[in-house]
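File shown: query-v6.pdb. Contents: PDB, C-alpha atoms and all ligand atoms.
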```
MODEL        1
ATOM      1  CA  MET A  23     110.342  66.535  99.747  1.00  0.00           C
ATOM      2  CA  PRO A  24     111.957  69.899  98.977  1.00  0.00           C
ATOM      3  CA  THR A  25     110.017  71.981  96.439  1.00  0.00           C
ATOM      4  CA  ARG A  26     111.109  73.735  93.238  1.00  0.00           C
ATOM      5  CA  GLU A  27     109.286  76.621  91.580  1.00  0.00           C
ATOM      6  CA  VAL A  28     110.553  78.357  88.428  1.00  0.00           C
ATOM      7  CA  HIS A  29     109.103  81.590  87.018  1.00  0.00           C
ATOM      8  CA  ALA A  30     109.690  82.296  83.324  1.00  0.00           C
ATOM      9  CA  THR A  31     109.861  86.075  83.656  1.00  0.00           C
ATOM     10  CA  GLU A  32     112.189  89.057  83.949  1.00  0.00           C
ATOM     11  CA  GLY A  33     114.406  88.815  87.021  1.00  0.00           C
ATOM     12  CA  ILE A  34     114.714  92.489  88.019  1.00  0.00           C
ATOM     13  CA  ALA A  35     110.961  93.206  88.068  1.00  0.00           C
ATOM     14  CA  TRP A  36     110.459  89.955  89.997  1.00  0.00           C
ATOM     15  CA  LEU A  37     113.170  90.847  92.535  1.00  0.00           C
ATOM     16  CA  GLU A  38     111.747  94.348  93.023  1.00  0.00           C
ATOM     17  CA  ALA A  39     108.457  92.811  94.140  1.00  0.00           C
ATOM     18  CA  GLN A  40     110.125  90.595  96.788  1.00  0.00           C
ATOM     19  CA  ARG A  41     111.176  91.143 100.383  1.00  0.00           C
ATOM     20  CA  PHE A  42     112.847  87.959 101.559  1.00  0.00           C
ATOM     21  CA  GLY A  43     112.588  86.553 105.072  1.00  0.00           C
ATOM     22  CA  PRO A  44     115.523  85.149 107.095  1.00  0.00           C
ATOM     23  CA  GLU A  45     114.928  81.663 105.660  1.00  0.00           C
ATOM     24  CA  VAL A  46     115.948  82.810 102.138  1.00  0.00           C
ATOM     25  CA  ALA A  47     119.419  82.941 100.590  1.00  0.00           C
ATOM     26  CA  VAL A  48     120.017  84.210  97.070  1.00  0.00           C
ATOM     27  CA  VAL A  49     122.589  82.264  95.058  1.00  0.00           C
ATOM     28  CA  THR A  50     123.111  83.350  91.484  1.00  0.00           C
ATOM     29  CA  SER A  51     125.341  83.865  88.498  1.00  0.00           C
ATOM     30  CA  MET A  52     124.286  87.136  86.846  1.00  0.00           C
ATOM     31  CA  PRO A  53     124.364  87.421  83.053  1.00  0.00           C
ATOM     32  CA  ASP A  54     127.512  88.568  81.280  1.00  0.00           C
ATOM     33  CA  SER A  55     127.513  91.635  78.961  1.00  0.00           C
ATOM     34  CA  SER A  56     127.445  89.227  75.988  1.00  0.00           C
ATOM     35  CA  GLU A  57     124.010  88.015  77.191  1.00  0.00           C
ATOM     36  CA  ILE A  58     122.488  91.532  77.233  1.00  0.00           C
ATOM     37  CA  PRO A  59     124.072  93.153  74.131  1.00  0.00           C
ATOM     38  CA  SER A  60     121.293  95.781  73.926  1.00  0.00           C
ATOM     39  CA  LEU A  61     122.750  97.570  76.996  1.00  0.00           C
ATOM     40  CA  GLY A  62     126.247  98.103  75.569  1.00  0.00           C
ATOM     41  CA  PHE A  63     129.225  97.602  77.882  1.00  0.00           C
ATOM     42  CA  ALA A  64     128.749 100.736  80.045  1.00  0.00           C
ATOM     43  CA  GLY A  65     125.018 100.032  80.404  1.00  0.00           C
ATOM     44  CA  TRP A  66     125.645  96.407  81.368  1.00  0.00           C
ATOM     45  CA  ARG A  67     128.320  97.453  83.909  1.00  0.00           C
ATOM     46  CA  GLN A  68     125.839  99.726  85.690  1.00  0.00           C
ATOM     47  CA  TRP A  69     123.083  97.086  85.402  1.00  0.00           C
ATOM     48  CA  PHE A  70     125.413  94.515  86.983  1.00  0.00           C
ATOM     49  CA  ILE A  71     126.275  96.789  89.925  1.00  0.00           C
ATOM     50  CA  ASP A  72     122.620  97.839  90.422  1.00  0.00           C
ATOM     51  CA  THR A  73     121.420  94.234  90.286  1.00  0.00           C
ATOM     52  CA  SER A  74     123.875  93.017  92.911  1.00  0.00           C
ATOM     53  CA  ALA A  75     122.748  95.950  95.121  1.00  0.00           C
ATOM     54  CA  LEU A  76     119.075  95.055  94.546  1.00  0.00           C
ATOM     55  CA  ILE A  77     119.673  91.398  95.459  1.00  0.00           C
ATOM     56  CA  CYS A  78     121.464  92.378  98.683  1.00  0.00           C
ATOM     57  CA  ARG A  79     118.724  94.905  99.577  1.00  0.00           C
ATOM     58  CA  GLN A  80     115.857  92.443  99.203  1.00  0.00           C
ATOM     59  CA  LEU A  81     117.404  90.045 101.751  1.00  0.00           C
ATOM     60  CA  SER A  82     116.766  90.055 105.496  1.00  0.00           C
ATOM     61  CA  ASP A  83     119.544  91.476 107.701  1.00  0.00           C
ATOM     62  CA  GLU A  84     120.978  88.014 108.470  1.00  0.00           C
ATOM     63  CA  GLY A  85     120.345  86.675 104.962  1.00  0.00           C
ATOM     64  CA  VAL A  86     123.222  85.877 102.616  1.00  0.00           C
ATOM     65  CA  ALA A  87     123.710  86.542  98.906  1.00  0.00           C
ATOM     66  CA  ILE A  88     126.214  84.367  97.056  1.00  0.00           C
ATOM     67  CA  PHE A  89     127.479  85.333  93.597  1.00  0.00           C
ATOM     68  CA  TYR A  90     129.328  83.019  91.214  1.00  0.00           C
ATOM     69  CA  GLN A  91     130.961  85.069  88.457  1.00  0.00           C
ATOM     70  CA  THR A  92     133.680  84.599  85.866  1.00  0.00           C
ATOM     71  CA  ASP A  93     135.630  87.625  84.622  1.00  0.00           C
ATOM     72  CA  VAL A  94     135.970  88.481  80.949  1.00  0.00           C
ATOM     73  CA  LYS A  95     138.375  90.511  78.847  1.00  0.00           C
ATOM     74  CA  LEU A  96     136.841  93.077  76.468  1.00  0.00           C
ATOM     75  CA  ASP A  97     139.007  95.064  74.031  1.00  0.00           C
ATOM     76  CA  GLY A  98     142.060  94.056  76.047  1.00  0.00           C
ATOM     77  CA  ARG A  99     140.517  95.371  79.299  1.00  0.00           C
ATOM     78  CA  TRP A 100     139.959  93.064  82.212  1.00  0.00           C
ATOM     79  CA  VAL A 101     136.428  93.205  83.636  1.00  0.00           C
ATOM     80  CA  ASP A 102     136.670  92.170  87.280  1.00  0.00           C
ATOM     81  CA  LYS A 103     133.157  91.048  88.191  1.00  0.00           C
ATOM     82  CA  SER A 104     134.026  90.502  91.844  1.00  0.00           C
ATOM     83  CA  PHE A 105     134.802  94.248  92.035  1.00  0.00           C
ATOM     84  CA  LEU A 106     131.480  95.150  90.386  1.00  0.00           C
ATOM     85  CA  VAL A 107     129.474  92.814  92.638  1.00  0.00           C
ATOM     86  CA  SER A 108     131.282  94.264  95.665  1.00  0.00           C
ATOM     87  CA  LEU A 109     130.407  97.829  94.612  1.00  0.00           C
ATOM     88  CA  GLY A 110     126.714  96.880  94.482  1.00  0.00           C
ATOM     89  CA  ALA A 111     126.811  95.021  97.794  1.00  0.00           C
ATOM     90  CA  GLU A 112     128.488  98.005  99.463  1.00  0.00           C
ATOM     91  CA  GLN A 113     125.751 100.319  98.155  1.00  0.00           C
ATOM     92  CA  ALA A 114     123.214  98.007  99.830  1.00  0.00           C
ATOM     93  CA  GLY A 115     125.086  98.154 103.157  1.00  0.00           C
ATOM     94  CA  SER A 116     126.312  94.558 102.915  1.00  0.00           C
ATOM     95  CA  SER A 117     129.754  93.241 103.822  1.00  0.00           C
ATOM     96  CA  CYS A 118     131.755  90.434 102.305  1.00  0.00           C
ATOM     97  CA  LEU A 119     131.784  87.299 104.511  1.00  0.00           C
ATOM     98  CA  TRP A 120     134.063  85.401 102.153  1.00  0.00           C
ATOM     99  CA  HIS A 121     135.590  85.606  98.695  1.00  0.00           C
ATOM    100  CA  LYS A 122     136.785  82.333  97.196  1.00  0.00           C
ATOM    101  CA  VAL A 123     138.268  81.399  93.851  1.00  0.00           C
ATOM    102  CA  ILE A 124     137.349  78.221  92.028  1.00  0.00           C
ATOM    103  CA  CYS A 125     139.894  76.830  89.570  1.00  0.00           C
ATOM    104  CA  ARG A 126     138.567  76.627  85.995  1.00  0.00           C
ATOM    105  CA  ALA A 127     141.977  75.317  84.891  1.00  0.00           C
ATOM    106  CA  PRO A 128     144.726  73.847  87.081  1.00  0.00           C
ATOM    107  CA  ALA A 129     147.151  76.259  88.779  1.00  0.00           C
ATOM    108  CA  GLY A 130     150.109  77.084  86.517  1.00  0.00           C
ATOM    109  CA  ILE A 131     148.117  76.931  83.260  1.00  0.00           C
ATOM    110  CA  ILE A 132     148.295  80.088  81.107  1.00  0.00           C
ATOM    111  CA  THR A 133     144.996  81.516  79.810  1.00  0.00           C
ATOM    112  CA  PHE A 134     144.223  84.659  77.826  1.00  0.00           C
ATOM    113  CA  GLY A 135     140.600  85.661  77.125  1.00  0.00           C
ATOM    114  CA  ARG A 136     139.088  84.312  80.309  1.00  0.00           C
ATOM    115  CA  PRO A 137     140.787  83.647  83.641  1.00  0.00           C
ATOM    116  CA  ALA A 138     141.685  80.246  85.047  1.00  0.00           C
ATOM    117  CA  TYR A 139     139.371  80.921  88.009  1.00  0.00           C
ATOM    118  CA  ALA A 140     135.822  81.948  88.837  1.00  0.00           C
ATOM    119  CA  HIS A 141     134.831  84.099  91.818  1.00  0.00           C
ATOM    120  CA  LEU A 142     132.508  83.027  94.597  1.00  0.00           C
ATOM    121  CA  LEU A 143     131.501  85.847  96.942  1.00  0.00           C
ATOM    122  CA  CYS A 144     129.170  85.838  99.947  1.00  0.00           C
ATOM    123  CA  PHE A 145     127.625  89.015 101.427  1.00  0.00           C
ATOM    124  CA  SER A 146     125.339  89.833 104.346  1.00  0.00           C
ATOM    125  CA  ARG A 147     124.295  92.975 106.190  1.00  0.00           C
ATOM    126  CA  THR A 148     124.607  91.664 109.758  1.00  0.00           C
ATOM    127  CA  LYS A 149     125.600  87.987 109.698  1.00  0.00           C
ATOM    128  CA  ARG A 150     129.176  87.222 110.777  1.00  0.00           C
ATOM    129  CA  LEU A 151     130.998  83.876 110.753  1.00  0.00           C
ATOM    130  CA  GLU A 152     133.017  82.140 113.464  1.00  0.00           C
ATOM    131  CA  LYS A 153     136.417  80.556 112.824  1.00  0.00           C
ATOM    132  CA  GLY A 154     134.926  77.045 112.773  1.00  0.00           C
ATOM    133  CA  GLN A 155     132.561  78.027 109.950  1.00  0.00           C
ATOM    134  CA  SER A 156     135.398  78.571 107.507  1.00  0.00           C
ATOM    135  CA  PHE A 157     136.033  76.473 104.414  1.00  0.00           C
ATOM    136  CA  ALA A 158     138.737  76.451 101.723  1.00  0.00           C
ATOM    137  CA  ASP A 159     139.394  79.743  99.925  1.00  0.00           C
ATOM    138  CA  VAL A 160     140.668  78.033  96.789  1.00  0.00           C
ATOM    139  CA  LEU A 161     138.312  75.381  95.475  1.00  0.00           C
ATOM    140  CA  PRO A 162     140.189  73.015  93.146  1.00  0.00           C
ATOM    141  CA  ARG A 163     137.493  72.408  90.508  1.00  0.00           C
ATOM    142  CA  LEU A 164     134.241  73.879  89.143  1.00  0.00           C
ATOM    143  CA  GLY A 165     132.895  70.376  88.596  1.00  0.00           C
ATOM    144  CA  GLU A 166     130.685  69.263  85.730  1.00  0.00           C
ATOM    145  CA  MET A 167     128.728  72.001  83.923  1.00  0.00           C
ATOM    146  CA  THR A 168     125.209  71.301  82.646  1.00  0.00           C
ATOM    147  CA  TRP A 169     125.728  73.879  79.792  1.00  0.00           C
ATOM    148  CA  ALA A 170     128.317  76.489  78.722  1.00  0.00           C
ATOM    149  CA  ARG A 171     127.148  79.218  81.135  1.00  0.00           C
ATOM    150  CA  ALA A 172     126.270  76.897  83.999  1.00  0.00           C
ATOM    151  CA  MET A 173     127.537  77.064  87.540  1.00  0.00           C
ATOM    152  CA  GLY A 174     129.867  74.103  88.104  1.00  0.00           C
ATOM    153  CA  LEU A 175     128.339  71.323  90.163  1.00  0.00           C
ATOM    154  CA  GLU A 176     131.191  71.104  92.693  1.00  0.00           C
ATOM    155  CA  ALA A 177     130.896  74.837  93.338  1.00  0.00           C
ATOM    156  CA  CYS A 178     127.115  74.478  93.841  1.00  0.00           C
ATOM    157  CA  GLU A 179     127.773  71.598  96.248  1.00  0.00           C
ATOM    158  CA  ALA A 180     130.178  73.701  98.331  1.00  0.00           C
ATOM    159  CA  ILE A 181     127.614  76.536  98.452  1.00  0.00           C
ATOM    160  CA  ALA A 182     124.739  74.231  99.490  1.00  0.00           C
ATOM    161  CA  GLN A 183     126.867  72.642 102.217  1.00  0.00           C
ATOM    162  CA  PHE A 184     127.760  76.079 103.565  1.00  0.00           C
ATOM    163  CA  LEU A 185     124.117  77.203 103.586  1.00  0.00           C
ATOM    164  CA  VAL A 186     122.893  74.059 105.357  1.00  0.00           C
ATOM    165  CA  LYS A 187     125.680  73.998 107.976  1.00  0.00           C
ATOM    166  CA  HIS A 188     126.138  77.677 108.755  1.00  0.00           C
ATOM    167  CA  THR A 189     122.976  79.648 107.903  1.00  0.00           C
ATOM    168  CA  ALA A 190     119.250  79.516 108.662  1.00  0.00           C
ATOM    169  CA  THR A 191     118.491  79.013 104.953  1.00  0.00           C
ATOM    170  CA  LYS A 192     115.478  76.893 104.022  1.00  0.00           C
ATOM    171  CA  THR A 193     114.967  78.292 100.504  1.00  0.00           C
ATOM    172  CA  VAL A 194     117.496  79.133  97.788  1.00  0.00           C
ATOM    173  CA  VAL A 195     116.438  81.801  95.276  1.00  0.00           C
ATOM    174  CA  ASP A 196     118.258  82.138  91.942  1.00  0.00           C
ATOM    175  CA  PRO A 197     116.856  85.114  89.982  1.00  0.00           C
ATOM    176  CA  PHE A 198     118.929  84.225  86.868  1.00  0.00           C
ATOM    177  CA  CYS A 199     118.635  80.481  87.175  1.00  0.00           C
ATOM    178  CA  GLY A 200     119.450  79.313  83.626  1.00  0.00           C
ATOM    179  CA  VAL A 201     118.754  75.582  83.449  1.00  0.00           C
ATOM    180  CA  GLY A 202     118.485  75.405  87.234  1.00  0.00           C
ATOM    181  CA  THR A 203     121.807  73.911  88.339  1.00  0.00           C
ATOM    182  CA  MET A 204     121.815  75.637  91.735  1.00  0.00           C
ATOM    183  CA  LEU A 205     118.111  74.880  92.248  1.00  0.00           C
ATOM    184  CA  ALA A 206     118.661  71.160  91.653  1.00  0.00           C
ATOM    185  CA  VAL A 207     121.679  71.015  93.983  1.00  0.00           C
ATOM    186  CA  ALA A 208     119.746  72.932  96.666  1.00  0.00           C
ATOM    187  CA  ASN A 209     116.934  70.347  96.404  1.00  0.00           C
ATOM    188  CA  GLN A 210     119.473  67.532  96.791  1.00  0.00           C
ATOM    189  CA  HIS A 211     120.463  69.131 100.094  1.00  0.00           C
ATOM    190  CA  GLY A 212     116.868  69.326 101.325  1.00  0.00           C
ATOM    191  CA  LEU A 213     116.418  73.040 100.554  1.00  0.00           C
ATOM    192  CA  ASP A 214     113.413  74.454  98.705  1.00  0.00           C
ATOM    193  CA  ALA A 215     114.329  76.328  95.521  1.00  0.00           C
ATOM    194  CA  VAL A 216     112.838  79.244  93.591  1.00  0.00           C
ATOM    195  CA  GLY A 217     114.214  80.242  90.196  1.00  0.00           C
ATOM    196  CA  VAL A 218     113.559  83.053  87.728  1.00  0.00           C
ATOM    197  CA  GLU A 219     114.649  82.849  84.095  1.00  0.00           C
ATOM    198  CA  LEU A 220     113.880  85.043  81.086  1.00  0.00           C
ATOM    199  CA  SER A 221     114.214  82.233  78.558  1.00  0.00           C
ATOM    200  CA  ALA A 222     111.065  80.102  78.661  1.00  0.00           C
ATOM    201  CA  LYS A 223     113.022  77.152  77.255  1.00  0.00           C
ATOM    202  CA  ARG A 224     115.653  77.299  80.002  1.00  0.00           C
ATOM    203  CA  ALA A 225     112.989  77.859  82.653  1.00  0.00           C
ATOM    204  CA  GLU A 226     111.314  74.643  81.531  1.00  0.00           C
ATOM    205  CA  LYS A 227     114.642  72.798  81.768  1.00  0.00           C
ATOM    206  CA  ALA A 228     115.135  74.285  85.232  1.00  0.00           C
ATOM    207  CA  ARG A 229     111.786  72.905  86.397  1.00  0.00           C
ATOM    208  CA  ASN A 230     112.801  69.402  85.345  1.00  0.00           C
ATOM    209  CA  LEU A 231     116.575  69.218  85.888  1.00  0.00           C
ATOM    210  CA  VAL A 232     117.473  66.061  87.779  1.00  0.00           C
ATOM    211  CA  LEU A 233     121.060  65.498  88.840  1.00  0.00           C
ATOM    212  CA  ARG A 234     122.786  62.210  89.588  1.00  0.00           C
ATOM    213  CA  PRO A 235     122.689  61.580  93.329  1.00  0.00           C
ATOM    214  CA  THR A 236     125.805  62.749  95.156  1.00  0.00           C
ATOM    215  CA  VAL A 237     127.734  60.048  97.021  1.00  0.00           C
TER
HETATM  216  C1  LIG B 301     125.090  83.011  83.692  1.00  0.00           C
HETATM  217  S1  LIG B 301     123.533  82.390  83.191  1.00  0.00           S
HETATM  218  C2  LIG B 301     123.001  81.491  84.618  1.00  0.00           C
HETATM  219  C3  LIG B 301     123.313  80.028  84.513  1.00  0.00           C
HETATM  220  C4  LIG B 301     122.751  79.197  85.626  1.00  0.00           C
HETATM  221  N1  LIG B 301     123.394  79.487  86.894  1.00  0.00           N
HETATM  222  C5  LIG B 301     122.883  77.715  85.307  1.00  0.00           C
HETATM  223  O1  LIG B 301     123.639  77.005  85.983  1.00  0.00           O
HETATM  224  O2  LIG B 301     122.256  77.283  84.328  1.00  0.00           O
HETATM  225  C6  LIG B 301     122.501  83.813  83.278  1.00  0.00           C
HETATM  226  C7  LIG B 301     121.045  83.517  82.905  1.00  0.00           C
HETATM  227  O3  LIG B 301     120.312  84.722  83.106  1.00  0.00           O
HETATM  228  C8  LIG B 301     119.278  84.763  82.144  1.00  0.00           C
HETATM  229  N2  LIG B 301     118.840  86.155  82.054  1.00  0.00           N
HETATM  230  C9  LIG B 301     119.407  87.182  81.383  1.00  0.00           C
HETATM  231  N3  LIG B 301     118.735  88.334  81.612  1.00  0.00           N
HETATM  232  C10 LIG B 301     117.722  88.022  82.457  1.00  0.00           C
HETATM  233  C11 LIG B 301     116.705  88.775  83.080  1.00  0.00           C
HETATM  234  N4  LIG B 301     116.598  90.096  82.891  1.00  0.00           N
HETATM  235  N5  LIG B 301     115.843  88.135  83.906  1.00  0.00           N
HETATM  236  C12 LIG B 301     115.941  86.794  84.129  1.00  0.00           C
HETATM  237  N6  LIG B 301     116.893  86.025  83.551  1.00  0.00           N
HETATM  238  C13 LIG B 301     117.774  86.633  82.732  1.00  0.00           C
HETATM  239  C14 LIG B 301     119.910  84.206  80.888  1.00  0.00           C
HETATM  240  O4  LIG B 301     118.904  83.715  80.008  1.00  0.00           O
HETATM  241  C15 LIG B 301     120.805  83.098  81.468  1.00  0.00           C
HETATM  242  O5  LIG B 301     120.144  81.855  81.439  1.00  0.00           O
ENDMDL
END
```

Let me see the structure of the file written as C-alpha cells.
Ligand SMILES: C[S@@+](CC[C@H](N)C(=O)[O-])C[C@H]1O[C@@H](n2cnc3c(N)ncnc32)[C@H](O)[C@@H]1O
Amino acid sequence: MPTREVHATEGIAWLEAQRFGPEVAVVTSMPDSSEIPSLGFAGWRQWFIDTSALICRQLSDEGVAIFYQTDVKLDGRWVDKSFLVSLGAEQAGSSCLWHKVICRAPAGIITFGRPAYAHLLCFSRTKRLEKGQSFADVLPRLGEMTWARAMGLEACEAIAQFLVKHTATKTVVDPFCGVGTMLAVANQHGLDAVGVELSAKRAEKARNLVLRPTV
C-alpha cells in the first residue's frame, strides 16, 4: 500500500532541510499573493520566484518539479505565474521539459479577472524526454476541484500518469499541499506521498482525503 505523510508546518523551512533523492518528484501549486497578504505584492513576487528556485534546487539532477499555477490580474496588471516560476527554475539551473495549459473554461469563452487556463510546467536539471514520452499540450479540463484553491483532479491524473510512465518517481512531495489532492491522486497511482501544509485544519484533511476510484 502506498503511504501518505502530512506535516502541519511551514513549507519553506521544511524544504530547506531536505535534499531529495532521485525517487522524489515535487508537484505543487504555490500560494497566490492573496494567501500571503503580509508580504505585499512585491514581497510575494520575490517569495514566489525564490520558492520555485528552492524547490528545483532540493531535487536530484534527474528529479522533476511540476508546478500548477493560475494567473491573476491585480490593479489591471496581468501576473504571469509561469514566467515567475520559470525565473526561479532558471536560477536553480533547471530547464523546462514541458509547459502545458489546462482549460478552466472552454476555448472561445471570454474571461476578465482570471484566465480561462491554468499553467502546468515541468522542470529538471538533467532529465530530457524522448518523442514517445510526449502528451497533449492543451488539456481540455481541470476536472473536479476538492475546494476553491485545489488542483483539478484531471490535471493531477495527467501528472501522476506522466510520473509513473516516464520518470523514476516513487514519492510525490507537495510542500503546499492544501487538502491533499495531489497526494491522494499519487497514492491512487501507487506512489508514496509527502505533504506540507501551514493550516493544521487542511493538513488534517490532507491526511484523510479519499478520492473515488478512477475507472
Ligand atoms: C494553492 S493552495 C494548494 C492547494 C492544494 N494543491 C490542493 O489541491 O488542496 C496553497 C496552500 O499553501 C498553503 N500555504 C501557504 N503558505 C504556506 C507556507 N508558508 N507553508 C506551507 N503551506 C503554506 C495554504 O494554506 C494553501 O493551502

8 Å shell around ligand LIG 301 (chain B) using all atoms listed in the file, listed as a PyMOL selection string: chain A and resi 30-34+50-54+57-58+91+167-169+171-174+196-204+218-221+224+228

C-alpha atoms of the current selection, written as a PDB file, keeping the file's coordinate frame:
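again.pdb, written as the output of this step:
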```pdb
ATOM      1  CA  ALA A  30     109.690  82.296  83.324  1.00  0.00           C
ATOM      2  CA  THR A  31     109.861  86.075  83.656  1.00  0.00           C
ATOM      3  CA  GLU A  32     112.189  89.057  83.949  1.00  0.00           C
ATOM      4  CA  GLY A  33     114.406  88.815  87.021  1.00  0.00           C
ATOM      5  CA  ILE A  34     114.714  92.489  88.019  1.00  0.00           C
ATOM      6  CA  THR A  50     123.111  83.350  91.484  1.00  0.00           C
ATOM      7  CA  SER A  51     125.341  83.865  88.498  1.00  0.00           C
ATOM      8  CA  MET A  52     124.286  87.136  86.846  1.00  0.00           C
ATOM      9  CA  PRO A  53     124.364  87.421  83.053  1.00  0.00           C
ATOM     10  CA  ASP A  54     127.512  88.568  81.280  1.00  0.00           C
ATOM     11  CA  GLU A  57     124.010  88.015  77.191  1.00  0.00           C
ATOM     12  CA  ILE A  58     122.488  91.532  77.233  1.00  0.00           C
ATOM     13  CA  GLN A  91     130.961  85.069  88.457  1.00  0.00           C
ATOM     14  CA  MET A 167     128.728  72.001  83.923  1.00  0.00           C
ATOM     15  CA  THR A 168     125.209  71.301  82.646  1.00  0.00           C
ATOM     16  CA  TRP A 169     125.728  73.879  79.792  1.00  0.00           C
ATOM     17  CA  ARG A 171     127.148  79.218  81.135  1.00  0.00           C
ATOM     18  CA  ALA A 172     126.270  76.897  83.999  1.00  0.00           C
ATOM     19  CA  MET A 173     127.537  77.064  87.540  1.00  0.00           C
ATOM     20  CA  GLY A 174     129.867  74.103  88.104  1.00  0.00           C
ATOM     21  CA  ASP A 196     118.258  82.138  91.942  1.00  0.00           C
ATOM     22  CA  PRO A 197     116.856  85.114  89.982  1.00  0.00           C
ATOM     23  CA  PHE A 198     118.929  84.225  86.868  1.00  0.00           C
ATOM     24  CA  CYS A 199     118.635  80.481  87.175  1.00  0.00           C
ATOM     25  CA  GLY A 200     119.450  79.313  83.626  1.00  0.00           C
ATOM     26  CA  VAL A 201     118.754  75.582  83.449  1.00  0.00           C
ATOM     27  CA  GLY A 202     118.485  75.405  87.234  1.00  0.00           C
ATOM     28  CA  THR A 203     121.807  73.911  88.339  1.00  0.00           C
ATOM     29  CA  MET A 204     121.815  75.637  91.735  1.00  0.00           C
ATOM     30  CA  VAL A 218     113.559  83.053  87.728  1.00  0.00           C
ATOM     31  CA  GLU A 219     114.649  82.849  84.095  1.00  0.00           C
ATOM     32  CA  LEU A 220     113.880  85.043  81.086  1.00  0.00           C
ATOM     33  CA  SER A 221     114.214  82.233  78.558  1.00  0.00           C
ATOM     34  CA  ARG A 224     115.653  77.299  80.002  1.00  0.00           C
ATOM     35  CA  ALA A 228     115.135  74.285  85.232  1.00  0.00           C
TER      36      ALA A 228
END
```

Given the PyMOL selection byres (((chain A and resi 77) around 12) and not hetatm) and the file above, list the residues it selects as a short mmCIF file (atom, residue, chain, number, x, y, z; two decimals) with C-alpha atoms, in the coordinates of the input.
```
data_model
loop_
_atom_site.label_atom_id
_atom_site.label_comp_id
_atom_site.auth_asym_id
_atom_site.auth_seq_id
_atom_site.Cartn_x
_atom_site.Cartn_y
_atom_site.Cartn_z
CA GLY A 33 114.41 88.82 87.02
CA ILE A 34 114.71 92.49 88.02
CA ALA A 35 110.96 93.21 88.07
CA TRP A 36 110.46 89.96 90.00
CA LEU A 37 113.17 90.85 92.54
CA GLU A 38 111.75 94.35 93.02
CA ALA A 39 108.46 92.81 94.14
CA GLN A 40 110.12 90.60 96.79
CA ARG A 41 111.18 91.14 100.38
CA PHE A 42 112.85 87.96 101.56
CA VAL A 46 115.95 82.81 102.14
CA ALA A 47 119.42 82.94 100.59
CA VAL A 48 120.02 84.21 97.07
CA VAL A 49 122.59 82.26 95.06
CA THR A 50 123.11 83.35 91.48
CA SER A 51 125.34 83.86 88.50
CA MET A 52 124.29 87.14 86.85
CA PHE A 70 125.41 94.52 86.98
CA ILE A 71 126.28 96.79 89.92
CA ASP A 72 122.62 97.84 90.42
CA THR A 73 121.42 94.23 90.29
CA SER A 74 123.88 93.02 92.91
CA ALA A 75 122.75 95.95 95.12
CA LEU A 76 119.08 95.06 94.55
CA CYS A 78 121.46 92.38 98.68
CA ARG A 79 118.72 94.90 99.58
CA GLN A 80 115.86 92.44 99.20
CA LEU A 81 117.40 90.04 101.75
CA SER A 82 116.77 90.06 105.50
CA GLY A 85 120.34 86.68 104.96
CA VAL A 86 123.22 85.88 102.62
CA ALA A 87 123.71 86.54 98.91
CA ILE A 88 126.21 84.37 97.06
CA PHE A 89 127.48 85.33 93.60
CA VAL A 107 129.47 92.81 92.64
CA SER A 108 131.28 94.26 95.66
CA GLY A 110 126.71 96.88 94.48
CA ALA A 111 126.81 95.02 97.79
CA GLU A 112 128.49 98.00 99.46
CA GLN A 113 125.75 100.32 98.16
CA ALA A 114 123.21 98.01 99.83
CA GLY A 115 125.09 98.15 103.16
CA SER A 116 126.31 94.56 102.92
CA CYS A 144 129.17 85.84 99.95
CA PHE A 145 127.62 89.02 101.43
CA SER A 146 125.34 89.83 104.35
CA ARG A 147 124.30 92.98 106.19
CA VAL A 195 116.44 81.80 95.28
CA ASP A 196 118.26 82.14 91.94
CA PRO A 197 116.86 85.11 89.98
CA PHE A 198 118.93 84.22 86.87
#
```

Between atom CA of A:Gly217 and atom CA of A:Asp102 - distance in Å to one decimal: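 Answer for the atom CA of A:Asp102 to atom CA of A:Gly217 separation: 25.6 Å.
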
Length of the atom CA of A:Pro162 to atom CA of A:Pro137 vector [Å]: 14.3 Å

Nearest to A:Cys118, chosen from A:Thr148, A:Glu166, A:Leu213, A:Cys178, with all atoms listed in the file counted in the distances: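 Comparing A:Thr148, A:Glu166, A:Leu213, A:Cys178 against A:Cys118, the winner is A:Thr148.
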
Find the axis-aligned box for stretch 194-204 of chain A, covering all its listed atoms and adding 4 Å on each side, and write its centre and edge lengths in Å to one decimal as JSON.
```
{"center_x": 119.1, "center_y": 79.5, "center_z": 90.6, "size_x": 13.4, "size_y": 19.2, "size_z": 22.3}
```

Matched chain/residue IDs from the PyMOL selection byres (((chain A and resi 129-133) around 12) and not hetatm), as a VMD selection string: chain A and resid 94 to 95 123 to 128 134 to 139 160 to 163

Resolved residues for the PyMOL selection byres (((chain A and resi 210) around 10) and not hetatm) as a PyMOL selection string: chain A and resi 23-24+179+182+204-209+211-214+232-236

Atomic separation - atom CA of A:Tyr90 relative to atom CA of A:Val194, Å: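 Atom-to-atom, atom CA of A:Val194 to atom CA of A:Tyr90, that is 14.1 Å.
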
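Taking all atoms listed in the file into account, A:Gly43 lies nearest to A:Ala190 out of the set A:Ala170, A:Ala177, A:Ala190, A:Leu61.
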
Counting all atoms listed in the file, the option among A:Leu142, A:Ala64, A:Leu164, A:Ala225 closest to A:Asp93: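 The answer is A:Leu142, which sits nearest to A:Asp93.
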
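Comparing A:Ser104, A:Glu176, A:Val216, A:Glu27 by their smallest distance to A:Thr193, the closest is A:Val216 (using only C-alpha atoms).
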